[in-house]
Amino acid sequence: MDLVIENLSFLLKGAYYTLLITVVSMFFGLIIGLFTAIARIKGNRVLRMIAKAYVSIIRGTPPLVQIVIVYYGLVDYGIEFGPLTAAYIALSINIGAYVSEAFRGAIQSVPRGQTEAALATGMTERQAMSRIIIPQAIRYAIPPLGNTFVGMLKETSLVSVIAVTELMRSAQLLVSQYYVYMPFYLAIAVMYWLMSTFFTFILHKIEKRLSVY
């Protein structure tokens, strides 16, 4: 335990990068997911096929493989990213596929009459989608998106394989320095649990607030 206290600042820096990767990846994943969901619902046949293939491929392959492909595989084609950038790209693409399904279900949960009423007032279909449907769909999507965010927080540990010094990698470096395992791995387990519990609490509060309206 003394070793953990002595190196707590190093572990907290790793926790900072874990949160940073989670937030950045979730932000871009939300954008990717929203456009993918709209493409699957409102797009032409080609767009629907591309969006469906993207979701199928990403959900059907391990995130670790996707991270390795982005960081190591693309180098074969002259495309090279730094570890942190590769982590952002791989996890954003991964989370976008899962978020798209949450958005798709939420959009389809909005009664069709809402769209018909918007069109009857003179709105275009695009205006109806952006002003009427999507705002309501986001409310429906909050619970699954919250679960996805917490899941992404834990999945960031996978980017340790490409030398991103997030929480898991920080523990690995300390283990290699002191040759003890349990104190550091137990410490990061507690830190992951605390972060997950905190965000779950916040998301629960948001869900309760939205349910009032």
# chains A, B, ... in the order shown; residues from 1 in each chain; ligands from 1
$ residues_around --residues "region 167-178 of chain A" --least-positions-apart "2" --cutoff "7 Å" --atoms "only C-alpha atoms" --output "PyMOL selection string"
chain A and resi 11+14-15+18+157+160+163-165+180-181+184-185+188
$ residues_around --residues "Ala137 (chain A)" --least-positions-apart "4" --cutoff "10 Å" --atoms "only C-alpha atoms" --output "JSON, numbers by chain"
{"A": [102, 103, 104, 105, 106, 107, 108, 109, 110, 129, 132, 133, 141, 142]}
$ residues_around --residues "Tyr54 (chain A)" --least-positions-apart "5" --cutoff "10 Å" --atoms "only C-alpha atoms" --output "list in words"
Thr36, Arg48, Met49, Arg59, Gly60, Ile93, Asn94, Gly96 and Ala97 of chain A
$ closest_residue --among "A:Thr197, A:Asn7, A:Thr61, A:Ser25" --to "Ala87 (chain A)" --atoms "only C-alpha atoms"
A:Ser25
$ residues_around --residues "Leu145 (chain A)" --least-positions-apart "2" --cutoff "12 Å" --atoms "only C-alpha atoms" --output "ChimeraX atom specification"
/A:26-27,29-30,33-34,95-106,137-143,147-152,199-200,203-204,206-207
$ closest_residue --among "A:Pro135, A:Thr115, A:Pro83, A:Glu6" --to "Pro183 (chain A)" --atoms "only C-alpha atoms"
A:Glu6
$ select_by_dssp --residues "chain A" --states "alpha helix (DSSP H)" --output "ChimeraX atom specification"
/A:2-6,8-42,45-59,63-71,83-109,112-120,125-128,134-155,167-178,182-212
$ residues_around --residues "Ile69 (chain A)" --least-positions-apart "3" --cutoff "12 Å" --atoms "only C-alpha atoms" --output "JSON, numbers by chain"
{"A": [61, 62, 63, 64, 65, 66, 72, 73, 74, 75, 76, 77, 79, 80, 81, 86, 87, 89, 90, 91, 159, 161, 162]}
$ closest_residue --among "A:Ile58, A:Lys42, A:Pro144, A:Tyr17" --to "Glu125 (chain A)" --atoms "only C-alpha atoms"
A:Lys42
$ decode --residues "region 18-172 of chain A" --atoms "C-alpha atoms" --output "compact mmCIF listing (two decimals), in the first residue's frame"
# COMPACT_ATOMS: atom_id res chain seq x y z
CA THR A 18 -8.46 7.30 -19.16
CA LEU A 19 -11.15 9.98 -18.70
CA LEU A 20 -9.78 12.06 -21.58
CA ILE A 21 -9.85 9.11 -24.00
CA THR A 22 -13.34 8.18 -22.82
CA VAL A 23 -14.79 11.67 -23.28
CA VAL A 24 -13.12 12.38 -26.63
CA SER A 25 -14.01 8.96 -28.06
CA MET A 26 -17.58 9.22 -26.80
CA PHE A 27 -17.96 12.70 -28.33
CA PHE A 28 -16.89 11.61 -31.80
CA GLY A 29 -18.67 8.29 -31.37
CA LEU A 30 -21.93 10.17 -30.76
CA ILE A 31 -21.48 12.09 -34.01
CA ILE A 32 -20.62 8.94 -35.98
CA GLY A 33 -23.47 7.04 -34.35
CA LEU A 34 -26.08 9.70 -35.02
CA PHE A 35 -25.22 10.00 -38.72
CA THR A 36 -25.07 6.21 -39.04
CA ALA A 37 -28.50 5.84 -37.43
CA ILE A 38 -30.00 8.47 -39.74
CA ALA A 39 -28.37 6.78 -42.75
CA ARG A 40 -29.94 3.46 -41.78
CA ILE A 41 -33.38 4.99 -41.31
CA LYS A 42 -33.59 7.76 -43.92
CA GLY A 43 -30.73 7.06 -46.33
CA ASN A 44 -30.95 5.59 -49.80
CA ARG A 45 -30.21 1.93 -50.43
CA VAL A 46 -26.45 2.41 -50.82
CA LEU A 47 -26.14 4.45 -47.61
CA ARG A 48 -28.21 1.93 -45.70
CA MET A 49 -26.01 -0.92 -46.92
CA ILE A 50 -22.80 0.92 -46.00
CA ALA A 51 -24.13 1.87 -42.55
CA LYS A 52 -25.37 -1.67 -41.91
CA ALA A 53 -22.03 -3.17 -42.99
CA TYR A 54 -20.12 -0.74 -40.75
CA VAL A 55 -22.21 -1.65 -37.71
CA SER A 56 -21.97 -5.38 -38.44
CA ILE A 57 -18.18 -5.35 -38.91
CA ILE A 58 -17.43 -3.22 -35.85
CA ARG A 59 -19.81 -5.07 -33.54
CA GLY A 60 -18.59 -8.41 -34.86
CA THR A 61 -14.88 -7.85 -34.23
CA PRO A 62 -13.00 -7.36 -30.93
CA PRO A 63 -12.11 -3.75 -29.98
CA LEU A 64 -8.53 -4.86 -29.35
CA VAL A 65 -8.21 -6.01 -32.98
CA GLN A 66 -9.58 -2.66 -34.18
CA ILE A 67 -7.07 -0.75 -32.07
CA VAL A 68 -4.16 -2.83 -33.38
CA ILE A 69 -5.31 -2.40 -37.00
CA VAL A 70 -5.48 1.40 -36.66
CA TYR A 71 -2.12 1.71 -34.90
CA TYR A 72 -0.06 -1.04 -36.52
CA GLY A 73 -1.95 -2.21 -39.58
CA LEU A 74 -2.36 1.14 -41.34
CA VAL A 75 1.41 1.68 -41.22
CA ASP A 76 1.67 -0.85 -44.07
CA TYR A 77 -0.18 1.68 -46.25
CA GLY A 78 1.83 4.69 -45.18
CA ILE A 79 -0.75 5.89 -42.67
CA GLU A 80 0.75 6.42 -39.24
CA PHE A 81 -0.82 7.81 -36.07
CA GLY A 82 0.57 8.52 -32.64
CA PRO A 83 -0.65 6.21 -29.85
CA LEU A 84 -3.16 8.68 -28.40
CA THR A 85 -4.56 9.65 -31.80
CA ALA A 86 -4.89 5.99 -32.76
CA ALA A 87 -6.75 5.35 -29.52
CA TYR A 88 -9.18 8.20 -30.25
CA ILE A 89 -9.82 6.98 -33.80
CA ALA A 90 -10.23 3.28 -32.99
CA LEU A 91 -12.47 3.79 -29.97
CA SER A 92 -14.57 6.47 -31.70
CA ILE A 93 -15.23 4.14 -34.61
CA ASN A 94 -15.99 1.31 -32.21
CA ILE A 95 -18.35 3.26 -30.00
CA GLY A 96 -20.05 4.85 -33.01
CA ALA A 97 -21.40 1.46 -34.09
CA TYR A 98 -22.97 0.79 -30.70
CA VAL A 99 -24.26 4.33 -30.31
CA SER A 100 -25.90 4.14 -33.74
CA GLU A 101 -28.08 1.26 -32.56
CA ALA A 102 -29.12 3.24 -29.48
CA PHE A 103 -29.99 6.25 -31.64
CA ARG A 104 -31.77 4.12 -34.22
CA GLY A 105 -33.98 2.56 -31.59
CA ALA A 106 -34.64 5.94 -29.99
CA ILE A 107 -35.55 7.61 -33.30
CA GLN A 108 -37.92 4.78 -34.16
CA SER A 109 -39.49 5.13 -30.71
CA VAL A 110 -40.71 8.64 -31.54
CA PRO A 111 -44.32 8.31 -32.76
CA ARG A 112 -44.73 8.65 -36.52
CA GLY A 113 -47.42 11.23 -35.88
CA GLN A 114 -44.75 13.68 -34.70
CA THR A 115 -43.16 13.65 -38.15
CA GLU A 116 -46.51 13.92 -39.90
CA ALA A 117 -47.51 16.88 -37.73
CA ALA A 118 -44.20 18.63 -38.45
CA LEU A 119 -44.59 18.08 -42.21
CA ALA A 120 -48.16 19.39 -42.03
CA THR A 121 -46.87 22.70 -40.61
CA GLY A 122 -44.65 23.17 -43.66
CA MET A 123 -41.37 21.79 -42.35
CA THR A 124 -39.19 19.76 -44.66
CA GLU A 125 -38.33 16.20 -43.65
CA ARG A 126 -34.82 17.33 -42.71
CA GLN A 127 -36.19 20.12 -40.51
CA ALA A 128 -38.62 17.71 -38.87
CA MET A 129 -35.77 15.33 -38.12
CA SER A 130 -33.44 17.97 -36.67
CA ARG A 131 -36.03 20.05 -34.77
CA ILE A 132 -38.64 17.53 -33.67
CA ILE A 133 -37.47 13.93 -33.87
CA ILE A 134 -33.81 14.04 -32.80
CA PRO A 135 -34.38 16.16 -29.63
CA GLN A 136 -36.98 13.65 -28.45
CA ALA A 137 -34.86 10.68 -29.52
CA ILE A 138 -31.91 11.91 -27.48
CA ARG A 139 -34.06 11.78 -24.36
CA TYR A 140 -35.02 8.18 -25.13
CA ALA A 141 -31.39 7.31 -25.87
CA ILE A 142 -29.92 8.64 -22.61
CA PRO A 143 -30.12 5.33 -20.64
CA PRO A 144 -28.36 3.14 -23.26
CA LEU A 145 -25.88 5.92 -24.03
CA GLY A 146 -25.04 6.18 -20.34
CA ASN A 147 -24.35 2.46 -20.16
CA THR A 148 -22.20 2.74 -23.27
CA PHE A 149 -20.20 5.59 -21.72
CA VAL A 150 -19.47 3.58 -18.57
CA GLY A 151 -18.53 0.58 -20.71
CA MET A 152 -16.18 2.74 -22.76
CA LEU A 153 -14.52 3.97 -19.56
CA LYS A 154 -13.47 0.38 -18.82
CA GLU A 155 -12.61 -0.47 -22.44
CA THR A 156 -9.94 2.25 -22.52
CA SER A 157 -7.70 -0.24 -20.71
CA LEU A 158 -7.27 -1.96 -24.09
CA VAL A 159 -5.22 0.93 -25.49
CA SER A 160 -2.43 -0.02 -23.11
CA VAL A 161 -1.30 -2.43 -25.87
CA ILE A 162 -0.27 0.54 -28.02
CA ALA A 163 1.64 2.22 -25.17
CA VAL A 164 -0.93 4.87 -24.26
CA THR A 165 -0.20 5.64 -20.62
CA GLU A 166 -3.75 5.48 -19.31
CA LEU A 167 -4.64 3.84 -16.01
CA MET A 168 -3.90 0.23 -16.98
CA ARG A 169 -0.60 1.11 -18.65
CA SER A 170 0.42 3.19 -15.64
CA ALA A 171 -0.05 0.16 -13.40
CA GLN A 172 1.93 -2.03 -15.82
